[in-house]
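> File entry_22.txt below, compact mmCIF, C-alpha atoms:
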```
# COMPACT_ATOMS: atom_id res chain seq x y z
CA MET K 194 -28.19 31.24 -31.98
CA ALA K 195 -29.42 33.05 -28.91
CA ALA K 196 -32.41 34.48 -30.75
CA GLU K 197 -33.28 31.06 -32.14
CA THR K 198 -33.23 29.47 -28.68
CA THR K 199 -35.39 32.22 -27.22
CA TYR K 200 -37.77 31.63 -30.08
CA ILE K 201 -37.99 27.92 -29.24
CA ASP K 202 -38.32 28.84 -25.59
CA GLY K 203 -41.26 31.12 -26.29
CA GLU K 204 -42.96 28.96 -28.88
CA HIS K 205 -42.67 25.51 -27.35
CA ALA K 206 -42.73 26.26 -23.65
CA ALA K 207 -46.09 24.59 -23.13
CA GLU K 208 -45.16 21.63 -25.29
CA ALA K 209 -41.82 21.13 -23.51
CA ALA K 210 -43.53 21.17 -20.13
CA SER K 211 -45.72 18.25 -21.14
CA GLY K 212 -42.86 16.31 -22.77
CA LEU K 213 -39.49 15.31 -21.33
CA PRO K 214 -38.35 18.13 -19.05
CA GLN K 215 -34.75 17.24 -20.02
CA LEU K 216 -35.37 18.37 -23.58
CA ASP K 217 -36.67 21.80 -22.57
CA ILE K 218 -33.73 23.78 -23.86
CA SER K 219 -34.81 26.95 -22.03
CA THR K 220 -33.60 25.41 -18.75
CA TRP K 221 -30.18 24.41 -20.12
CA THR K 222 -28.51 27.78 -19.61
CA SER K 223 -29.38 27.83 -15.92
CA GLN K 224 -28.34 24.21 -15.43
CA ILE K 225 -25.01 24.62 -17.18
CA PHE K 226 -24.37 27.92 -15.39
CA TRP K 227 -24.89 26.35 -11.98
CA LEU K 228 -23.02 23.20 -12.96
CA VAL K 229 -19.97 25.23 -14.01
CA LEU K 230 -20.14 27.35 -10.88
CA THR K 231 -20.60 24.50 -8.39
CA PHE K 232 -18.12 22.23 -10.15
CA ALA K 233 -15.53 25.02 -10.19
CA VAL K 234 -16.04 25.60 -6.46
CA LEU K 235 -15.76 21.85 -5.82
CA TYR K 236 -12.64 21.53 -7.97
CA PHE K 237 -11.03 24.52 -6.26
CA ALA K 238 -11.80 23.22 -2.76
CA LEU K 239 -10.56 19.75 -3.64
CA SER K 240 -7.39 20.68 -5.48
CA ARG K 241 -6.37 23.52 -3.14
CA PHE K 242 -7.27 22.23 0.30
CA ILE K 243 -8.75 18.78 0.61
CA LEU K 244 -6.59 16.65 -1.67
CA PRO K 245 -3.22 18.19 -0.62
CA ASN K 246 -4.22 17.64 2.99
CA LEU K 247 -5.15 14.01 2.38
CA ARG K 248 -1.99 13.47 0.33
CA ASP K 249 0.18 14.94 3.09
CA THR K 250 -1.49 12.85 5.76
CA ILE K 251 -1.07 9.66 3.76
CA GLY K 252 2.46 10.65 2.74
CA ASN K 253 3.45 11.41 6.35
CA ARG K 254 2.16 8.04 7.42
CA THR K 255 4.00 6.22 4.62
CA ASP K 256 7.21 8.14 5.46
CA ARG K 257 6.82 7.39 9.14
CA ILE K 258 6.28 3.69 8.50
CA ALA K 259 9.26 3.58 6.15
CA ASP K 260 11.39 5.41 8.74
CA ASP K 261 10.31 3.06 11.48
CA LEU K 262 11.07 0.03 9.32
CA ASP K 263 14.46 1.52 8.45
CA SER K 264 15.38 2.17 12.06
CA ALA K 265 14.12 -1.27 13.03
CA SER K 266 16.34 -2.94 10.44
CA ARG K 267 19.25 -0.71 11.47
CA MET K 268 18.77 -1.69 15.11
CA LYS K 269 18.58 -5.32 14.13
CA LEU K 270 21.89 -4.94 12.29
CA GLU K 271 23.43 -3.25 15.31
CA ALA K 272 22.17 -5.98 17.57
CA GLU K 273 23.63 -8.60 15.28
CA GLU K 274 26.98 -6.80 15.28
CA ALA K 275 26.91 -6.52 19.06
CA GLU K 276 26.18 -10.22 19.27
CA LYS K 277 29.07 -10.96 16.94
CA ALA K 278 31.43 -8.76 18.99
CA TYR K 279 30.25 -10.44 22.17
CA GLU K 280 30.87 -13.87 20.71
CA GLN K 281 34.28 -12.74 19.46
CA SER K 282 35.28 -11.51 22.90
CA LEU K 283 33.95 -14.71 24.40
CA ARG K 284 36.05 -16.72 21.97
CA ASP K 285 39.10 -14.56 22.72
CA ALA K 286 38.67 -14.97 26.46
CA ARG K 287 38.28 -18.71 26.08
CA ALA K 288 41.42 -18.92 23.93
CA LYS K 289 43.33 -16.79 26.42
CA ALA K 290 42.18 -18.91 29.34
CA SER K 291 43.25 -22.12 27.61
CA ASN K 292 46.59 -20.49 26.75
CA VAL K 293 47.17 -19.57 30.36
CA ALA K 294 46.22 -23.08 31.49
CA GLU K 295 48.53 -24.62 28.91
CA SER K 296 51.51 -22.47 29.83
CA THR K 297 50.92 -23.05 33.54
CA ARG K 298 50.76 -26.76 32.92
CA GLN K 299 53.93 -26.63 30.87
CA SER K 300 55.85 -24.67 33.48
CA LEU K 301 54.58 -26.98 36.20
CA ASP K 302 55.58 -30.00 34.13
CA ALA K 303 59.05 -28.58 33.65
CA GLU K 304 59.44 -27.87 37.33
CA ILE K 305 58.23 -31.34 38.23
CA GLN K 306 60.64 -32.76 35.65
CA THR K 307 63.63 -30.89 37.11
CA GLU K 308 62.66 -31.88 40.64
CA LEU K 309 62.29 -35.46 39.51
CA ASP K 310 65.62 -35.31 37.70
CA ALA K 311 67.31 -33.87 40.79
CA ALA K 312 65.75 -36.51 42.99
CA ASP K 313 66.80 -39.25 40.56
CA ALA K 314 70.36 -37.97 40.48
CA GLU K 315 70.45 -37.80 44.29
CA ALA K 316 69.07 -41.29 44.56
CA ASP K 317 71.61 -42.55 42.00
CA ARG K 318 74.42 -40.97 43.91
CA GLU K 319 73.18 -42.36 47.21
CA SER K 320 72.75 -45.83 45.79
CA GLN K 321 76.22 -45.69 44.23
CA LEU K 322 77.68 -44.67 47.56
CA ALA K 323 75.82 -47.44 49.29
CA GLU K 324 76.98 -50.00 46.71
CA THR K 325 80.61 -48.98 47.12
CA ARG K 326 80.29 -49.24 50.83
CA ILE K 327 78.64 -52.61 50.55
CA ARG K 328 81.35 -53.78 48.22
CA GLU K 329 84.01 -52.52 50.65
CA ILE K 330 82.33 -54.20 53.57
CA LYS K 331 82.02 -57.40 51.52
CA GLN K 332 85.67 -57.17 50.59
CA THR K 333 86.70 -56.63 54.16
CA ALA K 334 84.42 -59.40 55.33
CA LEU K 335 85.79 -61.75 52.67
CA SER K 336 89.41 -60.93 53.61
CA ASN K 337 88.62 -61.43 57.30
CA ILE K 338 86.97 -64.78 56.63
CA ASP K 339 90.34 -66.42 55.74
CA ALA K 340 91.93 -65.27 58.99
CA VAL K 341 88.91 -66.38 61.00
CA ALA K 342 88.83 -69.73 59.20
CA SER K 343 92.57 -70.40 59.83
CA ASP K 344 92.15 -69.30 63.43
CA VAL K 345 89.19 -71.62 63.85
CA ALA K 346 91.00 -74.42 62.00
CA GLY K 347 94.18 -73.95 64.18
CA ALA K 348 92.07 -73.99 67.32
CA LEU K 349 90.21 -77.08 66.12
CA VAL K 350 93.43 -78.87 65.20
CA THR K 351 95.00 -78.04 68.59
CA LYS K 352 91.94 -79.20 70.44
CA LEU K 353 91.61 -82.45 68.47
CA THR K 354 95.24 -83.44 68.09
CA GLY K 355 97.04 -81.44 70.68
CA LYS K 356 99.42 -80.25 68.11
CA THR K 357 100.03 -76.71 67.04
CA VAL K 358 99.85 -75.87 63.41
CA THR K 359 101.80 -73.09 61.89
CA ASP K 360 100.04 -70.16 60.43
CA ALA K 361 101.49 -70.74 57.00
CA ALA K 362 100.25 -74.31 56.95
CA LEU K 363 96.81 -73.17 58.07
CA LYS K 364 96.60 -70.52 55.45
CA ALA K 365 97.59 -72.97 52.75
CA ALA K 366 95.03 -75.44 54.05
CA VAL K 367 92.29 -72.79 54.11
CA LYS K 368 93.20 -71.79 50.60
CA LYS K 369 92.90 -75.39 49.48
CA ALA K 370 89.45 -75.69 51.04
CA MET J 69 -48.10 15.78 -5.37
CA ALA J 70 -46.43 14.78 -8.59
CA SER J 71 -48.60 12.36 -10.48
CA GLY J 72 -46.76 11.67 -13.74
CA PRO J 73 -43.50 9.70 -13.83
CA MET J 74 -41.78 12.58 -15.63
CA GLU J 75 -42.79 15.36 -13.30
CA GLN J 76 -39.97 14.57 -10.91
CA PHE J 77 -37.58 15.88 -13.56
CA GLN J 78 -39.40 19.22 -13.84
CA ILE J 79 -37.15 22.22 -13.30
CA ASP J 80 -38.77 24.97 -11.23
CA ARG J 81 -37.57 28.44 -11.97
CA GLN J 82 -37.78 30.04 -8.59
CA VAL J 83 -35.96 33.34 -9.14
CA ASP J 84 -34.78 34.76 -12.43
CA LEU J 85 -31.35 36.18 -11.76
CA PHE J 86 -29.76 37.69 -14.89
CA GLU J 87 -29.22 37.09 -18.57
CA ILE J 88 -26.23 35.71 -20.44
CA ALA J 89 -26.43 36.34 -24.20
CA GLY J 90 -30.19 36.58 -24.11
CA GLN J 91 -30.60 33.47 -21.95
CA THR J 92 -32.10 33.82 -18.53
CA VAL J 93 -30.16 32.30 -15.66
CA SER J 94 -32.46 31.39 -12.80
CA TRP J 95 -32.18 29.95 -9.35
CA THR J 96 -33.89 26.56 -9.74
CA ASN J 97 -34.43 23.39 -7.79
CA SER J 98 -31.63 21.83 -9.86
CA ALA J 99 -29.28 24.66 -8.83
CA PHE J 100 -30.25 24.16 -5.19
CA TRP J 101 -29.40 20.47 -5.29
CA MET J 102 -26.12 21.05 -7.13
CA VAL J 103 -25.07 23.54 -4.45
CA ALA J 104 -26.27 21.12 -1.78
CA SER J 105 -24.28 18.19 -3.16
CA VAL J 106 -21.10 20.25 -3.55
CA LEU J 107 -21.47 21.53 0.01
CA ALA J 108 -22.11 17.97 1.20
CA ILE J 109 -18.92 16.75 -0.51
CA ILE J 110 -16.83 19.56 0.94
CA ALA J 111 -18.38 19.07 4.39
CA PHE J 112 -17.77 15.32 4.21
CA PHE J 113 -14.08 15.75 3.49
CA VAL J 114 -13.54 18.66 5.86
CA LEU J 115 -15.21 16.73 8.69
CA THR J 116 -13.31 13.52 8.03
CA MET J 117 -9.99 15.31 7.58
CA ARG J 118 -8.24 14.97 10.91
CA GLY J 119 -4.68 14.51 9.70
CA LYS J 120 -3.97 12.01 12.43
CA LEU J 121 -1.14 9.54 12.02
CA ILE J 122 -3.38 6.69 13.10
CA PRO J 123 -6.69 7.31 11.33
CA GLY J 124 -10.07 6.82 12.92
CA ARG J 125 -12.99 5.36 10.98
CA MET J 126 -14.10 8.66 9.47
CA GLN J 127 -10.57 9.68 8.53
CA SER J 128 -10.02 6.29 6.87
CA LEU J 129 -13.10 6.90 4.76
CA GLY J 130 -11.65 10.13 3.39
CA GLU J 131 -8.24 8.59 2.85
CA LEU J 132 -9.74 5.52 1.18
CA SER J 133 -11.54 7.83 -1.28
CA TYR J 134 -8.26 9.54 -2.05
CA GLU J 135 -6.43 6.28 -2.61
CA PHE J 136 -9.31 4.83 -4.61
CA ILE J 137 -9.19 7.65 -7.17
CA ALA J 138 -5.39 7.92 -7.04
CA ASP J 139 -5.04 4.21 -7.79
CA MET J 140 -7.62 4.47 -10.54
CA VAL J 141 -5.69 7.27 -12.26
CA ARG J 142 -2.33 5.59 -11.67
CA ASP J 143 -3.45 2.17 -12.90
CA THR J 144 -5.38 3.24 -15.99
CA VAL J 145 -3.17 6.10 -17.16
CA GLY J 146 0.04 6.21 -15.16
CA PRO J 147 1.73 8.30 -12.50
CA GLU J 148 2.29 11.15 -14.98
CA ALA J 149 -1.47 11.77 -15.08
CA MET J 150 -1.71 12.58 -11.37
CA ARG J 151 -2.25 16.26 -12.23
CA PHE J 152 -5.68 15.24 -13.52
CA MET J 153 -6.42 13.37 -10.33
CA PRO J 154 -8.33 16.30 -8.72
CA PHE J 155 -10.49 16.55 -11.83
CA VAL J 156 -11.34 12.82 -11.82
CA PHE J 157 -11.88 13.05 -8.06
CA ALA J 158 -14.25 16.01 -8.46
CA LEU J 159 -16.15 14.27 -11.28
CA PHE J 160 -16.54 11.03 -9.34
CA PHE J 161 -17.75 12.67 -6.15
CA PHE J 162 -19.95 15.22 -7.89
CA ILE J 163 -21.77 12.44 -9.76
CA LEU J 164 -21.81 10.09 -6.77
CA PHE J 165 -23.27 12.67 -4.40
CA ALA J 166 -25.74 13.98 -6.98
CA ASN J 167 -26.94 10.42 -7.62
CA LEU J 168 -27.14 9.48 -3.96
CA ILE J 169 -28.84 12.72 -2.90
CA GLY J 170 -31.27 12.19 -5.77
CA MET J 171 -32.28 8.90 -4.18
CA ASN J 172 -33.87 10.79 -1.29
CA PRO J 173 -37.61 11.41 -1.53
CA TYR J 174 -38.47 14.92 -2.78
CA ALA J 175 -34.83 15.53 -3.75
CA PHE J 176 -33.96 16.42 -7.33
CA THR J 177 -31.45 14.33 -9.27
CA THR J 178 -29.27 16.87 -11.08
CA THR J 179 -27.52 14.14 -13.09
CA SER J 180 -30.83 13.04 -14.59
CA HIS J 181 -30.63 16.02 -16.94
CA LEU J 182 -28.94 15.74 -20.30
CA ALA J 183 -27.70 19.32 -20.04
CA VAL J 184 -25.64 18.46 -16.96
CA THR J 185 -24.26 15.11 -18.15
CA ALA J 186 -23.55 16.46 -21.64
CA ALA J 187 -21.74 19.49 -20.24
CA MET J 188 -19.57 17.25 -18.07
CA ALA J 189 -18.90 14.82 -20.92
CA ILE J 190 -18.02 17.52 -23.43
CA PHE J 191 -15.81 19.25 -20.89
CA THR J 192 -14.00 15.97 -20.23
CA ILE J 193 -13.36 15.37 -23.93
CA LEU J 194 -12.25 18.97 -24.39
CA ILE J 195 -9.75 18.51 -21.57
CA VAL J 196 -8.42 15.38 -23.27
CA MET J 197 -8.07 17.21 -26.60
CA VAL J 198 -6.54 20.39 -25.17
CA ALA J 199 -4.14 18.54 -22.88
CA GLY J 200 -3.22 16.12 -25.68
CA ILE J 201 -2.40 18.88 -28.15
CA TRP J 202 -0.67 20.90 -25.42
CA LYS J 203 1.58 17.98 -24.55
CA ASN J 204 2.22 16.35 -27.94
CA GLY J 205 1.60 19.17 -30.41
CA PHE J 206 0.09 18.05 -33.69
CA LYS J 207 1.54 14.58 -33.18
CA TRP J 208 -1.45 14.05 -30.92
CA PHE J 209 -3.62 13.50 -34.03
CA LYS J 210 -1.75 10.24 -34.51
CA ILE J 211 -4.28 8.68 -32.14
CA PHE J 212 -6.59 8.61 -35.14
CA ALA J 213 -4.01 6.70 -37.21
CA PRO J 214 -2.64 3.63 -35.42
CA ALA J 215 0.88 2.83 -36.64
CA GLY J 216 1.85 -0.29 -38.59
CA LEU J 217 -1.13 -0.72 -40.91
CA PRO J 218 -1.02 -1.22 -44.67
CA LEU J 219 -1.59 2.13 -46.36
CA PRO J 220 -5.05 1.48 -47.89
CA MET J 221 -6.38 0.51 -44.47
CA TYR J 222 -5.96 4.09 -43.25
CA ALA J 223 -8.75 5.19 -45.58
CA ILE J 224 -11.12 3.11 -43.45
CA ILE J 225 -9.42 3.26 -40.05
CA ILE J 226 -9.05 7.02 -39.74
CA PRO J 227 -12.76 7.83 -40.18
CA ILE J 228 -13.65 5.01 -37.79
CA GLU J 229 -11.22 6.32 -35.18
CA ILE J 230 -12.54 9.87 -35.56
CA ILE J 231 -16.15 8.73 -35.26
CA SER J 232 -15.35 6.60 -32.20
CA PHE J 233 -13.55 9.54 -30.62
CA LEU J 234 -16.45 11.90 -31.29
CA SER J 235 -18.96 9.38 -29.96
CA ARG J 236 -17.19 9.32 -26.61
CA PRO J 237 -18.85 12.43 -25.15
CA VAL J 238 -22.21 11.25 -26.50
CA THR J 239 -21.98 7.84 -24.87
CA LEU J 240 -20.54 9.34 -21.68
CA ALA J 241 -23.41 11.82 -21.39
CA VAL J 242 -26.23 9.51 -22.47
CA ARG J 243 -25.10 6.58 -20.30
CA LEU J 244 -25.32 8.56 -17.07
CA PHE J 245 -28.42 10.53 -18.03
CA ALA J 246 -30.34 7.47 -19.29
CA ASN J 247 -29.41 5.35 -16.29
CA MET J 248 -30.61 7.97 -13.84
CA VAL J 249 -33.82 8.73 -15.74
CA ALA J 250 -34.68 5.06 -16.28
CA GLY J 251 -34.15 4.21 -12.63
CA HIS J 252 -36.19 7.11 -11.31
CA VAL J 253 -39.00 6.57 -13.83
CA MET J 254 -39.20 2.88 -12.94
CA LEU J 255 -39.21 3.72 -9.23
CA LYS J 256 -41.94 6.29 -9.76
CA LEU J 257 -44.06 3.93 -11.88
CA PHE J 258 -43.97 1.17 -9.26
CA ALA J 259 -44.74 3.68 -6.49
CA ILE J 260 -47.64 5.23 -8.47
CA PHE J 261 -49.03 1.77 -9.15
CA ALA J 262 -48.84 0.88 -5.45
CA ALA J 263 -50.57 4.14 -4.49
CA TYR J 264 -53.24 3.50 -7.15
CA LEU J 265 -53.96 0.00 -5.81
CA ILE J 266 -54.14 1.20 -2.21
CA ALA J 267 -56.51 4.02 -3.23
CA LYS J 268 -58.86 1.42 -4.76
CA GLY J 269 -59.25 -0.12 -1.30
CA GLY J 270 -60.61 -3.56 -0.46
CA VAL J 271 -58.94 -6.71 -1.75
CA THR J 272 -57.04 -4.87 -4.49
CA ALA J 273 -55.18 -2.90 -1.80
CA LEU J 274 -53.54 -6.14 -0.75
CA GLY J 275 -52.12 -6.45 -4.27
CA ALA J 276 -50.07 -3.33 -3.54
CA ILE J 277 -47.62 -5.64 -1.75
CA LEU J 278 -46.11 -6.61 -5.10
CA PRO J 279 -45.28 -3.10 -6.43
CA ILE J 280 -44.06 -2.12 -2.95
CA ALA J 281 -41.66 -5.07 -2.94
CA GLY J 282 -40.64 -4.06 -6.46
CA THR J 283 -40.04 -0.48 -5.30
CA ILE J 284 -37.80 -1.68 -2.49
CA ALA J 285 -35.83 -3.89 -4.87
CA ILE J 286 -35.42 -1.02 -7.32
CA VAL J 287 -34.27 1.31 -4.55
CA ALA J 288 -31.49 -1.17 -3.74
CA LEU J 289 -30.63 -1.50 -7.41
CA GLU J 290 -30.62 2.27 -7.86
CA PHE J 291 -28.13 2.75 -5.03
CA LEU J 292 -25.88 0.31 -6.84
CA VAL J 293 -26.41 2.13 -10.14
CA ALA J 294 -25.75 5.50 -8.46
CA ALA J 295 -22.30 4.37 -7.32
CA LEU J 296 -21.61 2.35 -10.45
CA GLN J 297 -22.38 5.18 -12.87
CA ALA J 298 -20.10 7.56 -10.94
CA PHE J 299 -17.38 4.91 -11.14
CA VAL J 300 -17.98 4.29 -14.85
CA PHE J 301 -17.83 8.01 -15.65
CA ALA J 302 -14.61 8.41 -13.65
CA ILE J 303 -12.86 5.36 -15.07
CA LEU J 304 -13.84 6.21 -18.65
CA THR J 305 -12.42 9.68 -18.06
CA CYS J 306 -9.17 7.98 -17.03
CA VAL J 307 -9.27 5.76 -20.11
CA TYR J 308 -9.75 8.80 -22.34
CA LEU J 309 -6.97 10.66 -20.51
CA ASN J 310 -4.76 7.79 -21.63
CA ASP J 311 -4.80 9.36 -25.09
CA VAL J 312 -3.07 12.43 -23.68
CA TYR J 313 -0.02 10.46 -22.59
CA HIS J 314 0.08 7.44 -24.86
CA VAL J 315 -0.31 8.67 -28.40
CA GLU J 316 1.39 5.63 -29.96
CA HIS J 317 -0.86 2.72 -29.18
```
Could you render the structure as structure tokens?

Amino acid sequence: MAAETTYIDGEHAAEAASGLPQLDISTWTSQIFWLVLTFAVLYFALSRFILPNLRDTIGNRTDRIADDLDSASRMKLEAEEAEKAYEQSLRDARAKASNVAESTRQSLDAEIQTELDAADAEADRESQLAETRIREIKQTALSNIDAVASDVAGALVTKLTGKTVTDAALKAAVKKA
Amino acid sequence: MASGPMEQFQIDRQVDLFEIAGQTVSWTNSAFWMVASVLAIIAFFVLTMRGKLIPGRMQSLGELSYEFIADMVRDTVGPEAMRFMPFVFALFFFILFANLIGMNPYAFTTTSHLAVTAAMAIFTILIVMVAGIWKNGFKWFKIFAPAGLPLPMYAIIIPIEIISFLSRPVTLAVRLFANMVAGHVMLKLFAIFAAYLIAKGGVTALGAILPIAGTIAIVALEFLVAALQAFVFAILTCVYLNDVYHVEH
């Protein structure tokens, strides 16, 4: 194989030079040798140093972005929870305040009611007392009226007729009237 | 100055170094440009590698390259093939830089030589075969016999599958090689024609406008082809690596 190629190399060197340089097989060994060498160096540099470095850089960035997004969503969750807790405490406080107002109003109402009741009872008692007194006074006045009427009638009779009338007759007459 | 369209592909043996099995290994212009492109790739990534959390423009460029190839491997083969990612990465950037450096005047396009593209293509297919047999054992040969066919069909299908598998390195090598050669030959022809017209002088020199415009258009096209062929080689490598992991189609 090697001998054959050298033979072609020697025999057709001039012909190959005038034809397509690509088909000059005598140059192939050098080309393939340098291709293998340079490609191996390139592959080594890429796979050992350059590509891992690029992969790490890109990976770090992707990780960082994912981390940041994670923490952002976590913070959002925390904020939402805080908001919920705040609203809960607000609701609690409001409920408590309305409770306090309600109980205060109830106790005030009760107090007012008892005061009112006491005042009513006092007033009732006073008015009852007053009524009894009025009735007594009326009674007394009514019982006095008869005496006054007979007195007045006796005096009138005496003045008009010059006669005295007995008390019994006067009383009977007043009763008739 | 080179006068023929093919002379740009000439390999200059500058120093004969040593012999391997009767073959002389020499330091050539091709070797120089291979070393140069590999050094350029390494320098590009080392310089753009800052490792900062918030990347600058240069760092983004390096990271975009990483994610471009990583996504390519992940999407065409799957996450299990990430161990081949450095290989695909090296292939893509070796071809891309060789093609782009070859676009410079007086530079040599190492990928315009069949020896280089064929070596890369055969190596790629060998990796697929070795990794496939390593991973699946002899079950790997099932890729030549798709399941669920009527028995007589296998007599036709298996040879077809074997031929299509064996043609992969050929197409891989010839596609890249032919694209680079065709582009550079076309570029050279237009440029030679323009130089010829200008050398005539007089009114004909004005006609050189047309081939110059053509040269500029082809330069733009060739930059596209340079990137595209690197991409095609890399993505086909991924497609072939698929056979390592997905034996049952």
> May I have the residues within 9 Å of Ile193 (chain J) as a PyMOL selection string, using all atoms listed in the file and disregarding those fewer than 6 positions away in the same chain?
chain J and resi 233-234+236-237+305+308-309
> Restricting the calculation to all atoms listed in the file: of J:Gly275, J:Gly146, J:Gly130, J:Pro173, which residue gets closest to Ala111 (chain J)?
J:Gly130
> Would you mind telling me which residue in J:Leu296, J:Val93, J:Ile122, J:Val83 lies nearest to chain K when using only C-alpha atoms?
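Smallest separation from chain K among the options: J:Val93.
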> Using all atoms listed in the file, what does the table of chain K residues within 8 Å of chain J look like, with each row giving the shortest atom pair and its distance in Å to one decimal, sorted by chain and ascending number, as a Markdown table?

```
| residue | atom | partner | partner_atom | distance |
| --- | --- | --- | --- | --- |
| K:Ala195 | CA | J:Gly90 | CA | 6.0 |
| K:Ala196 | CA | J:Gly90 | CA | 7.3 |
| K:Thr199 | CA | J:Gln91 | CA | 7.2 |
| K:Ala210 | CA | J:Gln78 | CA | 7.8 |
| K:Leu213 | CA | J:Met74 | CA | 6.7 |
| K:Pro214 | CA | J:Gln78 | CA | 5.4 |
| K:Gln215 | CA | J:His181 | CA | 5.3 |
| K:Leu216 | CA | J:Leu182 | CA | 7.7 |
| K:Ser219 | CA | J:Gln91 | CA | 7.8 |
| K:Thr220 | CA | J:Ile79 | CA | 7.2 |
| K:Trp221 | CA | J:Ala183 | CA | 5.7 |
| K:Thr222 | CA | J:Val93 | CA | 6.2 |
| K:Ser223 | CA | J:Val93 | CA | 4.5 |
| K:Gln224 | CA | J:Val184 | CA | 6.5 |
| K:Ile225 | CA | J:Val184 | CA | 6.2 |
| K:Phe226 | CA | J:Val93 | CA | 7.3 |
| K:Trp227 | CA | J:Ala99 | CA | 5.7 |
| K:Leu228 | CA | J:Val184 | CA | 6.7 |
| K:Thr231 | CA | J:Val103 | CA | 6.0 |
| K:Phe232 | CA | J:Val106 | CA | 7.5 |
| K:Val234 | CA | J:Val106 | CA | 7.9 |
| K:Leu235 | CA | J:Val106 | CA | 6.0 |
| K:Tyr236 | CA | J:Ala158 | CA | 5.8 |
| K:Ala238 | CA | J:Ile110 | CA | 7.2 |
| K:Leu239 | CA | J:Pro154 | CA | 6.5 |
| K:Ser240 | CA | J:Pro154 | CA | 5.5 |
| K:Ile243 | CA | J:Phe113 | CA | 6.8 |
| K:Leu244 | CA | J:Pro154 | CA | 7.3 |
| K:Asn246 | CA | J:Gly119 | CA | 7.4 |
| K:Leu247 | CA | J:Glu131 | CA | 6.3 |
| K:Arg248 | CA | J:Tyr134 | CA | 7.8 |
| K:Thr250 | CA | J:Gly119 | CA | 5.3 |
| K:Ile251 | CA | J:Glu131 | CA | 7.3 |
| K:Asn253 | CA | J:Leu121 | CA | 7.5 |
| K:Arg254 | CA | J:Leu121 | CA | 5.9 |
```
> Selected residues, C-alpha atoms, written as an mmCIF file, in the frame of the given file, please.

```
data_model
loop_
_atom_site.group_PDB
_atom_site.id
_atom_site.type_symbol
_atom_site.label_atom_id
_atom_site.label_comp_id
_atom_site.auth_asym_id
_atom_site.auth_seq_id
_atom_site.Cartn_x
_atom_site.Cartn_y
_atom_site.Cartn_z
ATOM 1 C CA ALA K 195 -29.420 33.050 -28.910
ATOM 2 C CA ALA K 196 -32.410 34.480 -30.750
ATOM 3 C CA THR K 199 -35.390 32.220 -27.220
ATOM 4 C CA ALA K 210 -43.530 21.170 -20.130
ATOM 5 C CA LEU K 213 -39.490 15.310 -21.330
ATOM 6 C CA PRO K 214 -38.350 18.130 -19.050
ATOM 7 C CA GLN K 215 -34.750 17.240 -20.020
ATOM 8 C CA LEU K 216 -35.370 18.370 -23.580
ATOM 9 C CA SER K 219 -34.810 26.950 -22.030
ATOM 10 C CA THR K 220 -33.600 25.410 -18.750
ATOM 11 C CA TRP K 221 -30.180 24.410 -20.120
ATOM 12 C CA THR K 222 -28.510 27.780 -19.610
ATOM 13 C CA SER K 223 -29.380 27.830 -15.920
ATOM 14 C CA GLN K 224 -28.340 24.210 -15.430
ATOM 15 C CA ILE K 225 -25.010 24.620 -17.180
ATOM 16 C CA PHE K 226 -24.370 27.920 -15.390
ATOM 17 C CA TRP K 227 -24.890 26.350 -11.980
ATOM 18 C CA LEU K 228 -23.020 23.200 -12.960
ATOM 19 C CA THR K 231 -20.600 24.500 -8.390
ATOM 20 C CA PHE K 232 -18.120 22.230 -10.150
ATOM 21 C CA VAL K 234 -16.040 25.600 -6.460
ATOM 22 C CA LEU K 235 -15.760 21.850 -5.820
ATOM 23 C CA TYR K 236 -12.640 21.530 -7.970
ATOM 24 C CA ALA K 238 -11.800 23.220 -2.760
ATOM 25 C CA LEU K 239 -10.560 19.750 -3.640
ATOM 26 C CA SER K 240 -7.390 20.680 -5.480
ATOM 27 C CA ILE K 243 -8.750 18.780 0.610
ATOM 28 C CA LEU K 244 -6.590 16.650 -1.670
ATOM 29 C CA ASN K 246 -4.220 17.640 2.990
ATOM 30 C CA LEU K 247 -5.150 14.010 2.380
ATOM 31 C CA ARG K 248 -1.990 13.470 0.330
ATOM 32 C CA THR K 250 -1.490 12.850 5.760
ATOM 33 C CA ILE K 251 -1.070 9.660 3.760
ATOM 34 C CA ASN K 253 3.450 11.410 6.350
ATOM 35 C CA ARG K 254 2.160 8.040 7.420
#
```
> Quick one, how far is CA of Ala108 (chain J) from CA of Ile163 (chain J)?
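Answer for the CA of Ala108 (chain J) to CA of Ile163 (chain J) separation: 12.3 Å.
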> When you draw a straight line from CA of Asp143 (chain J) to CA of Phe160 (chain J), how long is it in Å?
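If I compute the distance from CA of Asp143 (chain J) to CA of Phe160 (chain J), I get 16.2 Å.
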> For a test of reading the model, state the distance in Å between CA of Met248 (chain J) and CA of Gly212 (chain K), rounded to one decimal.
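Separating CA of Met248 (chain J) from CA of Gly212 (chain K) is a distance of 17.3 Å.
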> Using the file's own x, y and z axes, what box holds all listed atoms of region 202-209 of chain J with 3 Å on each side, keeping edges along x, y and z, and what are its centre and edge lengths in Å to one decimal, as JSON?

```
{"center_x": -0.7, "center_y": 17.2, "center_z": -29.3, "size_x": 11.8, "size_y": 13.4, "size_z": 15.5}
```
> Any idea what's packed within 10 Å of Gly200 (chain J), counting all atoms listed in the file, ignoring anything in its chain fewer than 2 positions away? Could you give it as number ranges by chain?
J: 194-198, 202-209, 211, 309-315
> Which residue is closest to Phe291 (chain J)? Choose from J:Thr144, J:Asn167, J:Thr177, J:Ser128 and count all atoms listed in the file.
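Checking each of J:Thr144, J:Asn167, J:Thr177, J:Ser128 against Phe291 (chain J), counting all atoms listed in the file, the winner is J:Asn167.
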